[in-house]
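Here's protein-v5.csv, which has CSV, N, CA and C atoms:
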chain,number,residue,atom,x,y,z
A,1,MET,N,0.8,-1.2,0.0
A,1,MET,CA,0.0,0.0,0.0
A,1,MET,C,0.9,1.3,0.0
A,2,MET,N,2.0,1.3,0.8
A,2,MET,CA,2.8,2.5,0.8
A,2,MET,C,3.5,2.7,-0.5
A,3,ARG,N,3.9,1.6,-1.2
A,3,ARG,CA,4.5,1.8,-2.5
A,3,ARG,C,3.5,2.4,-3.5
A,4,GLN,N,2.3,1.9,-3.4
A,4,GLN,CA,1.3,2.5,-4.3
A,4,GLN,C,1.1,4.0,-4.0
A,5,THR,N,1.1,4.3,-2.8
A,5,THR,CA,1.0,5.7,-2.4
A,5,THR,C,2.1,6.5,-3.0
A,6,ALA,N,3.3,6.0,-3.0
A,6,ALA,CA,4.5,6.7,-3.6
A,6,ALA,C,4.3,6.9,-5.1
A,7,ARG,N,3.7,5.8,-5.8
A,7,ARG,CA,3.5,6.0,-7.2
A,7,ARG,C,2.4,7.0,-7.5
A,8,THR,N,1.4,7.1,-6.7
A,8,THR,CA,0.3,8.1,-6.8
A,8,THR,C,0.9,9.5,-6.6
A,9,LEU,N,1.7,9.6,-5.5
A,9,LEU,CA,2.2,10.9,-5.2
A,9,LEU,C,3.1,11.4,-6.4
A,10,ALA,N,3.8,10.5,-7.0
A,10,ALA,CA,4.7,10.9,-8.1
A,10,ALA,C,3.9,11.5,-9.3
A,11,GLU,N,2.7,11.1,-9.4
A,11,GLU,CA,1.8,11.5,-10.6
A,11,GLU,C,1.0,12.8,-10.3
A,12,LEU,N,1.1,13.3,-9.1
A,12,LEU,CA,0.2,14.4,-8.7
A,12,LEU,C,0.8,15.8,-9.1
A,13,GLY,N,2.0,15.8,-9.4
A,13,GLY,CA,2.6,17.1,-9.8
A,13,GLY,C,2.9,18.0,-8.5
A,14,LEU,N,3.3,17.3,-7.5
A,14,LEU,CA,3.6,18.0,-6.2
A,14,LEU,C,4.9,18.9,-6.3
A,15,ASP,N,4.9,20.0,-5.5
A,15,ASP,CA,6.1,20.8,-5.4
A,15,ASP,C,7.0,20.3,-4.4
A,16,GLY,N,6.5,19.7,-3.3
A,16,GLY,CA,7.3,19.2,-2.2
A,16,GLY,C,6.6,18.1,-1.5
A,17,ILE,N,7.4,17.4,-0.7
A,17,ILE,CA,6.9,16.2,0.1
A,17,ILE,C,7.6,16.1,1.4
A,18,LYS,N,6.9,15.7,2.4
A,18,LYS,CA,7.5,15.4,3.7
A,18,LYS,C,7.2,13.9,4.0
A,19,ILE,N,8.3,13.2,4.2
A,19,ILE,CA,8.2,11.8,4.5
A,19,ILE,C,8.4,11.6,6.0
A,20,HIS,N,7.6,10.8,6.7
A,20,HIS,CA,7.7,10.8,8.1
A,20,HIS,C,7.2,9.4,8.6
A,21,HIS,N,8.0,8.8,9.4
A,21,HIS,CA,7.6,7.5,10.0
A,21,HIS,C,6.5,7.7,11.1
A,22,LEU,N,5.8,6.7,11.4
A,22,LEU,CA,4.8,6.8,12.5
A,22,LEU,C,5.6,6.5,13.8
A,23,TYR,N,5.4,7.3,14.8
A,23,TYR,CA,5.9,7.0,16.2
A,23,TYR,C,4.8,7.1,17.1
A,24,VAL,N,4.9,6.2,18.1
A,24,VAL,CA,3.8,6.1,19.2
A,24,VAL,C,4.3,6.9,20.4
A,25,THR,N,3.5,7.8,20.9
A,25,THR,CA,3.9,8.6,22.1
A,25,THR,C,3.1,8.2,23.3
A,26,ARG,N,3.7,8.4,24.5
A,26,ARG,CA,3.1,8.0,25.7
A,26,ARG,C,1.8,8.8,26.0
A,27,ASN,N,0.9,8.1,26.7
A,27,ASN,CA,-0.3,8.7,27.2
A,27,ASN,C,-1.3,9.1,26.1
A,28,THR,N,-1.3,8.3,25.0
A,28,THR,CA,-2.2,8.6,23.9
A,28,THR,C,-3.1,7.4,23.6
A,29,VAL,N,-4.1,7.6,22.8
A,29,VAL,CA,-5.0,6.5,22.4
A,29,VAL,C,-4.1,5.6,21.5
A,30,LEU,N,-3.2,6.2,20.7
A,30,LEU,CA,-2.4,5.4,19.8
A,30,LEU,C,-1.5,4.4,20.6
A,31,GLU,N,-1.0,4.9,21.8
A,31,GLU,CA,-0.2,4.0,22.6
A,31,GLU,C,-1.1,2.8,23.1
A,32,GLN,N,-2.3,3.0,23.5
A,32,GLN,CA,-3.2,1.9,23.9
A,32,GLN,C,-3.4,1.0,22.8
A,33,GLN,N,-3.6,1.5,21.6
A,33,GLN,CA,-3.9,0.6,20.4
A,33,GLN,C,-2.6,-0.2,20.1
A,34,TYR,N,-1.4,0.5,20.2
A,34,TYR,CA,-0.2,-0.2,19.9
A,34,TYR,C,0.1,-1.3,20.9
A,35,ARG,N,-0.2,-1.1,22.2
A,35,ARG,CA,0.0,-2.1,23.2
A,35,ARG,C,-0.9,-3.3,23.1
A,36,ARG,N,-2.1,-3.0,22.5
A,36,ARG,CA,-3.0,-4.1,22.2
A,36,ARG,C,-2.7,-4.9,20.9
A,37,GLY,N,-1.7,-4.4,20.2
A,37,GLY,CA,-1.3,-5.0,19.0
A,37,GLY,C,-2.1,-4.6,17.8
A,38,GLU,N,-2.8,-3.5,17.9
A,38,GLU,CA,-3.7,-3.1,16.8
A,38,GLU,C,-3.0,-2.1,15.8
A,39,VAL,N,-1.8,-1.6,16.2
A,39,VAL,CA,-1.1,-0.7,15.3
A,39,VAL,C,0.3,-1.1,15.2
A,40,PRO,N,0.7,-1.6,14.0
A,40,PRO,CA,2.1,-1.9,13.9
A,40,PRO,C,3.0,-0.7,13.6
A,41,VAL,N,4.3,-0.8,13.9
A,41,VAL,CA,5.2,0.3,13.5
A,41,VAL,C,6.3,-0.3,12.7
A,42,LEU,N,7.0,0.5,11.9
A,42,LEU,CA,8.0,0.0,11.0
A,42,LEU,C,9.3,-0.2,11.8
A,43,GLY,N,10.1,-1.2,11.4
A,43,GLY,CA,11.4,-1.4,11.9
A,43,GLY,C,12.3,-0.4,11.1
A,44,PHE,N,13.6,-0.3,11.6
A,44,PHE,CA,14.5,0.7,11.0
A,44,PHE,C,14.7,0.3,9.5
A,45,GLU,N,15.1,-0.9,9.2
A,45,GLU,CA,15.4,-1.3,7.8
A,45,GLU,C,14.2,-1.2,6.9
A,46,GLU,N,13.0,-1.5,7.5
A,46,GLU,CA,11.7,-1.4,6.7
A,46,GLU,C,11.5,0.1,6.3
A,47,TYR,N,11.6,1.0,7.3
A,47,TYR,CA,11.4,2.4,7.1
A,47,TYR,C,12.4,2.9,6.0
A,48,VAL,N,13.7,2.6,6.2
A,48,VAL,CA,14.7,3.1,5.3
A,48,VAL,C,14.3,2.6,3.9
A,49,GLY,N,14.0,1.4,3.7
A,49,GLY,CA,13.6,0.8,2.4
A,49,GLY,C,12.4,1.5,1.8
A,50,LEU,N,11.4,1.8,2.6
A,50,LEU,CA,10.2,2.4,2.0
A,50,LEU,C,10.5,3.9,1.7
A,51,ALA,N,11.3,4.6,2.5
A,51,ALA,CA,11.7,6.0,2.2
A,51,ALA,C,12.5,6.0,0.9
A,52,CYS,N,13.4,5.1,0.7
A,52,CYS,CA,14.2,5.0,-0.5
A,52,CYS,C,13.3,4.7,-1.7
A,53,ASP,N,12.4,3.8,-1.6
A,53,ASP,CA,11.5,3.5,-2.7
A,53,ASP,C,10.7,4.7,-3.1
A,54,THR,N,10.2,5.4,-2.1
A,54,THR,CA,9.4,6.6,-2.3
A,54,THR,C,10.3,7.7,-3.1
A,55,LEU,N,11.5,7.9,-2.6
A,55,LEU,CA,12.4,8.9,-3.2
A,55,LEU,C,12.7,8.5,-4.7
A,56,GLU,N,12.9,7.2,-4.9
A,56,GLU,CA,13.2,6.8,-6.3
A,56,GLU,C,12.0,7.0,-7.3
A,57,ARG,N,10.8,7.1,-6.8
A,57,ARG,CA,9.7,7.3,-7.7
A,57,ARG,C,9.3,8.8,-7.9
A,58,LEU,N,9.9,9.7,-7.1
A,58,LEU,CA,9.5,11.1,-7.3
A,58,LEU,C,10.2,11.7,-8.5
A,59,PRO,N,9.5,12.6,-9.1
A,59,PRO,CA,10.1,13.4,-10.2
A,59,PRO,C,11.3,14.3,-9.6
A,60,GLU,N,12.2,14.6,-10.5
A,60,GLU,CA,13.3,15.5,-10.0
A,60,GLU,C,12.9,16.8,-9.5
A,61,THR,N,11.7,17.3,-9.9
A,61,THR,CA,11.3,18.6,-9.5
A,61,THR,C,10.7,18.7,-8.1
A,62,VAL,N,10.4,17.6,-7.5
A,62,VAL,CA,9.8,17.5,-6.2
A,62,VAL,C,10.9,17.8,-5.1
A,63,VAL,N,10.6,18.8,-4.2
A,63,VAL,CA,11.5,19.1,-3.1
A,63,VAL,C,11.2,18.3,-1.9
A,64,VAL,N,12.2,17.6,-1.4
A,64,VAL,CA,12.0,16.7,-0.2
A,64,VAL,C,12.2,17.6,1.0
A,65,GLN,N,11.2,17.9,1.7
A,65,GLN,CA,11.3,18.8,2.9
A,65,GLN,C,11.6,18.1,4.2
A,66,ARG,N,11.3,16.8,4.3
A,66,ARG,CA,11.6,16.1,5.5
A,66,ARG,C,11.7,14.6,5.2
A,67,LEU,N,12.6,13.9,5.9
A,67,LEU,CA,12.8,12.5,5.7
A,67,LEU,C,12.4,11.7,6.9
A,68,MET,N,12.2,12.4,8.0
A,68,MET,CA,11.8,11.7,9.2
A,68,MET,C,11.4,12.7,10.3
A,69,GLY,N,10.6,12.3,11.3
A,69,GLY,CA,10.3,13.2,12.4
A,69,GLY,C,11.1,12.8,13.6
A,70,GLU,N,11.0,13.6,14.6
A,70,GLU,CA,11.7,13.2,15.8
A,70,GLU,C,10.9,13.8,17.0
A,71,LEU,N,11.1,13.1,18.1
A,71,LEU,CA,10.4,13.5,19.3
A,71,LEU,C,11.3,13.2,20.5
A,72,ASP,N,11.1,14.0,21.6
A,72,ASP,CA,11.9,13.7,22.8
A,72,ASP,C,11.9,12.3,23.2
A,73,GLY,N,13.0,11.6,23.4
A,73,GLY,CA,13.1,10.2,23.7
A,73,GLY,C,12.2,9.7,24.8
A,74,ASP,N,12.0,10.5,25.8
A,74,ASP,CA,11.1,10.1,27.0
A,74,ASP,C,9.7,9.9,26.6
A,75,MET,N,9.3,10.5,25.5
A,75,MET,CA,7.9,10.4,25.1
A,75,MET,C,7.6,9.3,24.1
A,76,VAL,N,8.6,8.8,23.5
A,76,VAL,CA,8.5,7.7,22.5
A,76,VAL,C,8.3,6.4,23.1
A,77,VAL,N,7.2,5.7,22.7
A,77,VAL,CA,7.0,4.3,23.1
A,77,VAL,C,7.5,3.4,22.0
A,78,ALA,N,7.3,3.7,20.7
A,78,ALA,CA,7.8,2.9,19.6
A,78,ALA,C,7.8,3.8,18.4
A,79,PRO,N,8.6,3.5,17.4
A,79,PRO,CA,9.6,2.4,17.4
A,79,PRO,C,10.9,2.9,18.2
A,80,LEU,N,11.6,2.0,18.8
A,80,LEU,CA,12.8,2.3,19.5
A,80,LEU,C,14.0,1.7,18.7
A,81,TRP,N,14.4,2.5,17.7
A,81,TRP,CA,15.4,2.0,16.8
A,81,TRP,C,16.8,2.1,17.4
A,82,GLY,N,17.0,3.0,18.4
A,82,GLY,CA,18.3,3.2,19.0
A,82,GLY,C,19.3,3.8,18.1
A,83,ARG,N,18.8,4.7,17.2
A,83,ARG,CA,19.7,5.3,16.2
A,83,ARG,C,19.4,6.8,16.2
A,84,ALA,N,20.5,7.6,16.1
A,84,ALA,CA,20.3,9.1,16.0
A,84,ALA,C,19.7,9.4,14.6
A,85,LYS,N,19.1,10.6,14.6
A,85,LYS,CA,18.5,11.1,13.3
A,85,LYS,C,19.5,11.1,12.2
A,86,ALA,N,20.7,11.5,12.4
A,86,ALA,CA,21.8,11.6,11.4
A,86,ALA,C,22.0,10.2,10.8
A,87,GLU,N,22.0,9.2,11.7
A,87,GLU,CA,22.3,7.8,11.2
A,87,GLU,C,21.1,7.4,10.2
A,88,VAL,N,19.9,7.7,10.6
A,88,VAL,CA,18.8,7.4,9.7
A,88,VAL,C,18.9,8.1,8.4
A,89,LEU,N,19.2,9.4,8.4
A,89,LEU,CA,19.3,10.1,7.2
A,89,LEU,C,20.5,9.6,6.3
A,90,ARG,N,21.6,9.2,6.9
A,90,ARG,CA,22.7,8.6,6.2
A,90,ARG,C,22.3,7.3,5.5
A,91,ALA,N,21.5,6.5,6.2
A,91,ALA,CA,21.0,5.2,5.7
A,91,ALA,C,20.1,5.4,4.5
A,92,ILE,N,19.3,6.4,4.6
A,92,ILE,CA,18.4,6.7,3.5
A,92,ILE,C,19.2,7.3,2.3
A,93,ASP,N,20.1,8.1,2.5
A,93,ASP,CA,21.0,8.7,1.5
A,93,ASP,C,21.7,7.5,0.8
A,94,ALA,N,22.3,6.6,1.5
A,94,ALA,CA,23.0,5.5,1.0
A,94,ALA,C,22.1,4.6,0.2
A,95,GLY,N,20.9,4.3,0.6
A,95,GLY,CA,20.0,3.4,-0.1
A,95,GLY,C,19.3,4.1,-1.3
A,96,ALA,N,19.3,5.4,-1.3
A,96,ALA,CA,18.6,6.1,-2.4
A,96,ALA,C,19.7,6.7,-3.3
A,97,GLY,N,20.7,6.0,-3.6
A,97,GLY,CA,21.8,6.5,-4.4
A,97,GLY,C,21.4,7.0,-5.8
A,98,SER,N,20.6,6.3,-6.5
A,98,SER,CA,20.2,6.8,-7.8
A,98,SER,C,19.3,8.0,-7.7
A,99,TRP,N,18.6,8.1,-6.6
A,99,TRP,CA,17.8,9.4,-6.4
A,99,TRP,C,18.7,10.6,-6.2
A,100,SER,N,19.7,10.4,-5.4
A,100,SER,CA,20.7,11.5,-5.2
A,100,SER,C,21.4,11.8,-6.5
A,101,ALA,N,21.9,10.8,-7.2
A,101,ALA,CA,22.7,11.0,-8.4
A,101,ALA,C,21.8,11.7,-9.5
A,102,SER,N,20.5,11.3,-9.5
A,102,SER,CA,19.7,11.9,-10.6
A,102,SER,C,19.5,13.4,-10.4
A,103,ARG,N,19.8,13.9,-9.2
A,103,ARG,CA,19.7,15.4,-9.0
A,103,ARG,C,21.0,16.1,-9.2
A,104,ARG,N,22.0,15.3,-9.5
A,104,ARG,CA,23.4,15.8,-9.9
A,104,ARG,C,23.9,16.8,-8.8
A,105,ARG,N,23.7,16.5,-7.6
A,105,ARG,CA,24.3,17.3,-6.5
A,105,ARG,C,24.5,16.3,-5.3
A,106,PRO,N,25.3,16.7,-4.4
A,106,PRO,CA,25.5,15.8,-3.2
A,106,PRO,C,24.3,15.8,-2.4
A,107,PRO,N,24.1,14.7,-1.6
A,107,PRO,CA,22.9,14.6,-0.8
A,107,PRO,C,22.9,15.8,0.2
A,108,LEU,N,21.8,16.3,0.5
A,108,LEU,CA,21.6,17.4,1.4
A,108,LEU,C,21.0,17.0,2.7
A,109,GLY,N,21.3,17.7,3.8
A,109,GLY,CA,20.7,17.5,5.1
A,109,GLY,C,19.3,18.1,5.1
A,110,PRO,N,18.5,17.9,6.1
A,110,PRO,CA,17.2,18.4,6.1
A,110,PRO,C,17.1,19.9,6.1
A,111,CYS,N,18.0,20.6,6.8
A,111,CYS,CA,17.9,22.1,6.8
A,111,CYS,C,18.3,22.6,5.4
A,112,GLN,N,19.2,22.0,4.7
A,112,GLN,CA,19.6,22.4,3.4
A,112,GLN,C,18.5,22.2,2.4
A,113,HIS,N,17.8,21.1,2.6
A,113,HIS,CA,16.6,20.8,1.7
A,113,HIS,C,15.6,21.9,1.9
A,114,ARG,N,15.3,22.3,3.1
A,114,ARG,CA,14.3,23.3,3.4
A,114,ARG,C,14.8,24.7,2.8
A,115,ARG,N,16.0,25.0,3.0
A,115,ARG,CA,16.5,26.3,2.4
A,115,ARG,C,16.4,26.3,0.9
A,116,THR,N,16.7,25.2,0.3
A,116,THR,CA,16.6,25.1,-1.1
A,116,THR,C,15.1,25.3,-1.6
A,117,SER,N,14.2,24.7,-0.9
A,117,SER,CA,12.8,24.8,-1.3
A,117,SER,C,12.3,26.2,-1.1
A,118,LEU,N,12.8,26.9,-0.1
A,118,LEU,CA,12.3,28.3,0.2
A,118,LEU,C,12.9,29.2,-0.9
A,119,ARG,N,14.2,29.0,-1.3
A,119,ARG,CA,14.8,29.8,-2.3
A,119,ARG,C,14.1,29.6,-3.7
A,120,SER,N,13.5,28.4,-3.9
A,120,SER,CA,13.0,28.2,-5.3
A,120,SER,C,11.5,28.8,-5.4
A,121,ARG,N,11.0,29.2,-4.3
A,121,ARG,CA,9.6,29.8,-4.4
A,121,ARG,C,9.7,31.3,-4.7
A,122,PRO,N,8.7,31.8,-5.4
A,122,PRO,CA,8.7,33.2,-5.7
A,122,PRO,C,8.5,34.0,-4.3
A,123,PRO,N,8.9,35.3,-4.3
A,123,PRO,CA,8.7,36.0,-3.0
A,123,PRO,C,7.3,36.2,-2.7
A,124,ARG,N,7.0,36.3,-1.5
A,124,ARG,CA,5.6,36.6,-1.0
A,124,ARG,C,5.2,38.0,-1.4
A,125,ALA,N,3.9,38.1,-1.7
A,125,ALA,CA,3.4,39.4,-2.0
A,125,ALA,C,3.3,40.2,-0.6
A,126,THR,N,3.6,41.4,-0.6
A,126,THR,CA,3.5,42.2,0.6
A,126,THR,C,2.4,43.2,0.5
A,127,ARG,N,1.8,43.5,1.7
A,127,ARG,CA,0.7,44.5,1.7
A,127,ARG,C,1.3,45.9,1.7
A,128,PRO,N,0.6,46.8,1.0
A,128,PRO,CA,1.1,48.2,1.1
A,128,PRO,C,1.0,48.7,2.5
A,129,SER,N,1.9,49.5,2.9
A,129,SER,CA,1.8,50.1,4.2
A,129,SER,C,0.6,51.1,4.3
A,130,PRO,N,-0.1,51.1,5.4
A,130,PRO,CA,-1.2,52.1,5.6
A,130,PRO,C,-0.8,53.5,5.6

With the file now loaded, output its structure as structure tokens.
Amino acid sequence: MMRQTARTLAELGLDGIKIHHLYVTRNTVLEQQYRRGEVPVLGFEEYVGLACDTLERLPETVVVQRLMGELDGDMVVAPLWGRAKAEVLRAIDAGAGSWSASRRRPPLGPCQHRRTSLRSRPPRATRPSP
């Protein structure tokens, strides 16, 4: 289902995309559902593979604004990958080699992706001063 979503997104003519894994936080309905086995979460390798598959399907014009989310460790119930955000991003970069190469530039960190996307937009219209 997630791979079909990636194919559909690639056809929509999007300007940008944020890719984010599901994490379960303490004291939420989602935590209760997770503990009852009703909500699965992705393992590290599974998430990296899906993120790479998604990136491979996107047109070159789509700006990637985020590759994962993060939350204070004390609030996270799952997934507990035991890896820093930088390690996750490096794994995605390594797995999405043809995606990075197709853009003919070195892989960028999340802040650089965001700055790139902001630079590519036209300036906002301003209101005349009263």

All residues 8 Å or closer to Pro59 (chain A), all atoms listed in the file, same chain fewer than 6 positions away omitted, as a list in words | Leu9, Ala10, Glu11 and Leu14 of chain A

Next, the residues of the selection above should be written as a compact mmCIF listing (two decimals), in the coordinates of the input with N, CA and C atoms.
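The resulting selection-v2.txt:
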# COMPACT_ATOMS: atom_id res chain seq x y z
N LEU A 9 1.70 9.60 -5.50
CA LEU A 9 2.20 10.90 -5.20
C LEU A 9 3.10 11.40 -6.40
N ALA A 10 3.80 10.50 -7.00
CA ALA A 10 4.70 10.90 -8.10
C ALA A 10 3.90 11.50 -9.30
N GLU A 11 2.70 11.10 -9.40
CA GLU A 11 1.80 11.50 -10.60
C GLU A 11 1.00 12.80 -10.30
N LEU A 14 3.30 17.30 -7.50
CA LEU A 14 3.60 18.00 -6.20
C LEU A 14 4.90 18.90 -6.30

Coordinates-based distance that separates atom N of Arg3 (chain A) from atom C of Leu50 (chain A) (Å, one decimal) = 7.6 Å

Which distance in Å separates CA of Val29 (chain A) and atom N of Val41 (chain A), to one decimal?
->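 Separation of CA of Val29 (chain A) and atom N of Val41 (chain A): 14.6 Å.
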
Hey, what's within 8 Å of Gly13 (chain A) if we count only N, CA and C atoms and toss same-chain stuff fewer than 4 positions away? As a count of residues only, please?
-> 4

For CA of Gln65 (chain A) and CA of Gly16 (chain A), determine how far apart the two atoms are, in Å to one decimal place.
-> 6.5 Å

In terms of the shortest atom-to-atom distance over only C-alpha atoms, which of A:Val24, A:Leu30, A:Val64, A:Cys52 is closest to Val77 (chain A)?
->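 Residue with the minimum atom-to-atom distance to Val77 (chain A): A:Val24.
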
From the set A:Asp53, A:Leu42, A:Asp72, A:Gly95, which residue has the shortest atom-to-atom contact distance to Met2 (chain A), counting all atoms listed in the file?
->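 Using all atoms listed in the file, the shortest distance to Met2 (chain A) belongs to A:Asp53.
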
Quick one: pick out all helix (DSSP H, G or I) residues within region 9-108 of chain A from a backbone DSSP run and write them as an mmCIF file with N, CA and C atoms, in the coordinates of the input.
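Final output, result34.cif:
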data_model
loop_
_atom_site.group_PDB
_atom_site.id
_atom_site.type_symbol
_atom_site.label_atom_id
_atom_site.label_comp_id
_atom_site.auth_asym_id
_atom_site.auth_seq_id
_atom_site.Cartn_x
_atom_site.Cartn_y
_atom_site.Cartn_z
ATOM 1 N N LEU A 9 1.700 9.600 -5.500
ATOM 2 C CA LEU A 9 2.200 10.900 -5.200
ATOM 3 C C LEU A 9 3.100 11.400 -6.400
ATOM 4 N N ALA A 10 3.800 10.500 -7.000
ATOM 5 C CA ALA A 10 4.700 10.900 -8.100
ATOM 6 C C ALA A 10 3.900 11.500 -9.300
ATOM 7 N N GLU A 11 2.700 11.100 -9.400
ATOM 8 C CA GLU A 11 1.800 11.500 -10.600
ATOM 9 C C GLU A 11 1.000 12.800 -10.300
ATOM 10 N N VAL A 29 -4.100 7.600 22.800
ATOM 11 C CA VAL A 29 -5.000 6.500 22.400
ATOM 12 C C VAL A 29 -4.100 5.600 21.500
ATOM 13 N N LEU A 30 -3.200 6.200 20.700
ATOM 14 C CA LEU A 30 -2.400 5.400 19.800
ATOM 15 C C LEU A 30 -1.500 4.400 20.600
ATOM 16 N N GLU A 31 -1.000 4.900 21.800
ATOM 17 C CA GLU A 31 -0.200 4.000 22.600
ATOM 18 C C GLU A 31 -1.100 2.800 23.100
ATOM 19 N N GLN A 32 -2.300 3.000 23.500
ATOM 20 C CA GLN A 32 -3.200 1.900 23.900
ATOM 21 C C GLN A 32 -3.400 1.000 22.800
ATOM 22 N N GLN A 33 -3.600 1.500 21.600
ATOM 23 C CA GLN A 33 -3.900 0.600 20.400
ATOM 24 C C GLN A 33 -2.600 -0.200 20.100
ATOM 25 N N TYR A 34 -1.400 0.500 20.200
ATOM 26 C CA TYR A 34 -0.200 -0.200 19.900
ATOM 27 C C TYR A 34 0.100 -1.300 20.900
ATOM 28 N N ARG A 35 -0.200 -1.100 22.200
ATOM 29 C CA ARG A 35 0.000 -2.100 23.200
ATOM 30 C C ARG A 35 -0.900 -3.300 23.100
ATOM 31 N N PHE A 44 13.600 -0.300 11.600
ATOM 32 C CA PHE A 44 14.500 0.700 11.000
ATOM 33 C C PHE A 44 14.700 0.300 9.500
ATOM 34 N N GLU A 45 15.100 -0.900 9.200
ATOM 35 C CA GLU A 45 15.400 -1.300 7.800
ATOM 36 C C GLU A 45 14.200 -1.200 6.900
ATOM 37 N N GLU A 46 13.000 -1.500 7.500
ATOM 38 C CA GLU A 46 11.700 -1.400 6.700
ATOM 39 C C GLU A 46 11.500 0.100 6.300
ATOM 40 N N TYR A 47 11.600 1.000 7.300
ATOM 41 C CA TYR A 47 11.400 2.400 7.100
ATOM 42 C C TYR A 47 12.400 2.900 6.000
ATOM 43 N N VAL A 48 13.700 2.600 6.200
ATOM 44 C CA VAL A 48 14.700 3.100 5.300
ATOM 45 C C VAL A 48 14.300 2.600 3.900
ATOM 46 N N GLY A 49 14.000 1.400 3.700
ATOM 47 C CA GLY A 49 13.600 0.800 2.400
ATOM 48 C C GLY A 49 12.400 1.500 1.800
ATOM 49 N N LEU A 50 11.400 1.800 2.600
ATOM 50 C CA LEU A 50 10.200 2.400 2.000
ATOM 51 C C LEU A 50 10.500 3.900 1.700
ATOM 52 N N ALA A 51 11.300 4.600 2.500
ATOM 53 C CA ALA A 51 11.700 6.000 2.200
ATOM 54 C C ALA A 51 12.500 6.000 0.900
ATOM 55 N N CYS A 52 13.400 5.100 0.700
ATOM 56 C CA CYS A 52 14.200 5.000 -0.500
ATOM 57 C C CYS A 52 13.300 4.700 -1.700
ATOM 58 N N ASP A 53 12.400 3.800 -1.600
ATOM 59 C CA ASP A 53 11.500 3.500 -2.700
ATOM 60 C C ASP A 53 10.700 4.700 -3.100
ATOM 61 N N THR A 54 10.200 5.400 -2.100
ATOM 62 C CA THR A 54 9.400 6.600 -2.300
ATOM 63 C C THR A 54 10.300 7.700 -3.100
ATOM 64 N N LEU A 55 11.500 7.900 -2.600
ATOM 65 C CA LEU A 55 12.400 8.900 -3.200
ATOM 66 C C LEU A 55 12.700 8.500 -4.700
ATOM 67 N N GLU A 56 12.900 7.200 -4.900
ATOM 68 C CA GLU A 56 13.200 6.800 -6.300
ATOM 69 C C GLU A 56 12.000 7.000 -7.300
ATOM 70 N N ARG A 57 10.800 7.100 -6.800
ATOM 71 C CA ARG A 57 9.700 7.300 -7.700
ATOM 72 C C ARG A 57 9.300 8.800 -7.900
ATOM 73 N N LYS A 85 19.100 10.600 14.600
ATOM 74 C CA LYS A 85 18.500 11.100 13.300
ATOM 75 C C LYS A 85 19.500 11.100 12.200
ATOM 76 N N ALA A 86 20.700 11.500 12.400
ATOM 77 C CA ALA A 86 21.800 11.600 11.400
ATOM 78 C C ALA A 86 22.000 10.200 10.800
ATOM 79 N N GLU A 87 22.000 9.200 11.700
ATOM 80 C CA GLU A 87 22.300 7.800 11.200
ATOM 81 C C GLU A 87 21.100 7.400 10.200
ATOM 82 N N VAL A 88 19.900 7.700 10.600
ATOM 83 C CA VAL A 88 18.800 7.400 9.700
ATOM 84 C C VAL A 88 18.900 8.100 8.400
ATOM 85 N N LEU A 89 19.200 9.400 8.400
ATOM 86 C CA LEU A 89 19.300 10.100 7.200
ATOM 87 C C LEU A 89 20.500 9.600 6.300
ATOM 88 N N ARG A 90 21.600 9.200 6.900
ATOM 89 C CA ARG A 90 22.700 8.600 6.200
ATOM 90 C C ARG A 90 22.300 7.300 5.500
ATOM 91 N N ALA A 91 21.500 6.500 6.200
ATOM 92 C CA ALA A 91 21.000 5.200 5.700
ATOM 93 C C ALA A 91 20.100 5.400 4.500
ATOM 94 N N ILE A 92 19.300 6.400 4.600
ATOM 95 C CA ILE A 92 18.400 6.700 3.500
ATOM 96 C C ILE A 92 19.200 7.300 2.300
ATOM 97 N N ASP A 93 20.100 8.100 2.500
ATOM 98 C CA ASP A 93 21.000 8.700 1.500
ATOM 99 C C ASP A 93 21.700 7.500 0.800
ATOM 100 N N ALA A 94 22.300 6.600 1.500
ATOM 101 C CA ALA A 94 23.000 5.500 1.000
ATOM 102 C C ALA A 94 22.100 4.600 0.200
ATOM 103 N N GLY A 95 20.900 4.300 0.600
ATOM 104 C CA GLY A 95 20.000 3.400 -0.100
ATOM 105 C C GLY A 95 19.300 4.100 -1.300
ATOM 106 N N GLY A 97 20.700 6.000 -3.600
ATOM 107 C CA GLY A 97 21.800 6.500 -4.400
ATOM 108 C C GLY A 97 21.400 7.000 -5.800
ATOM 109 N N SER A 98 20.600 6.300 -6.500
ATOM 110 C CA SER A 98 20.200 6.800 -7.800
ATOM 111 C C SER A 98 19.300 8.000 -7.700
ATOM 112 N N TRP A 99 18.600 8.100 -6.600
ATOM 113 C CA TRP A 99 17.800 9.400 -6.400
ATOM 114 C C TRP A 99 18.700 10.600 -6.200
ATOM 115 N N SER A 100 19.700 10.400 -5.400
ATOM 116 C CA SER A 100 20.700 11.500 -5.200
ATOM 117 C C SER A 100 21.400 11.800 -6.500
ATOM 118 N N ALA A 101 21.900 10.800 -7.200
ATOM 119 C CA ALA A 101 22.700 11.000 -8.400
ATOM 120 C C ALA A 101 21.800 11.700 -9.500
ATOM 121 N N SER A 102 20.500 11.300 -9.500
ATOM 122 C CA SER A 102 19.700 11.900 -10.600
ATOM 123 C C SER A 102 19.500 13.400 -10.400
#

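Closest approach to Val88 (chain A) from the set A:Gln4, A:Thr28, A:Met68, A:Leu58 is made by A:Met68, with distances taken over all atoms listed in the file.
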
So which residues touch Leu80 (chain A) within 10 Å, counting only C-alpha atoms, skipping near sequence neighbours fewer than 4 positions away, as a PyMOL selection string?
-> chain A and resi 23-24+41+43-44+73+76

Would you list the contacts of Arg7 (chain A) as a list of chain:residue names, taking every protein, DNA or RNA residue within 7 Å and counting all atoms listed in the file, but skipping same-chain residues closer than 5 positions in sequence?
->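 The contact residues come out as A:Met2, A:Leu12, A:Thr54, A:Arg57.
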
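Remark: for Ala78 (chain A), the closest of the candidate residues A:Asp93, A:Gly37, A:Asp15, A:Leu22 is A:Leu22 (distances computed over only N, CA and C atoms).
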
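Minimum distance to Ile19 (chain A) across A:Leu67, A:Glu46, A:Leu55, A:Pro40 (counting all atoms listed in the file) occurs at A:Leu67.
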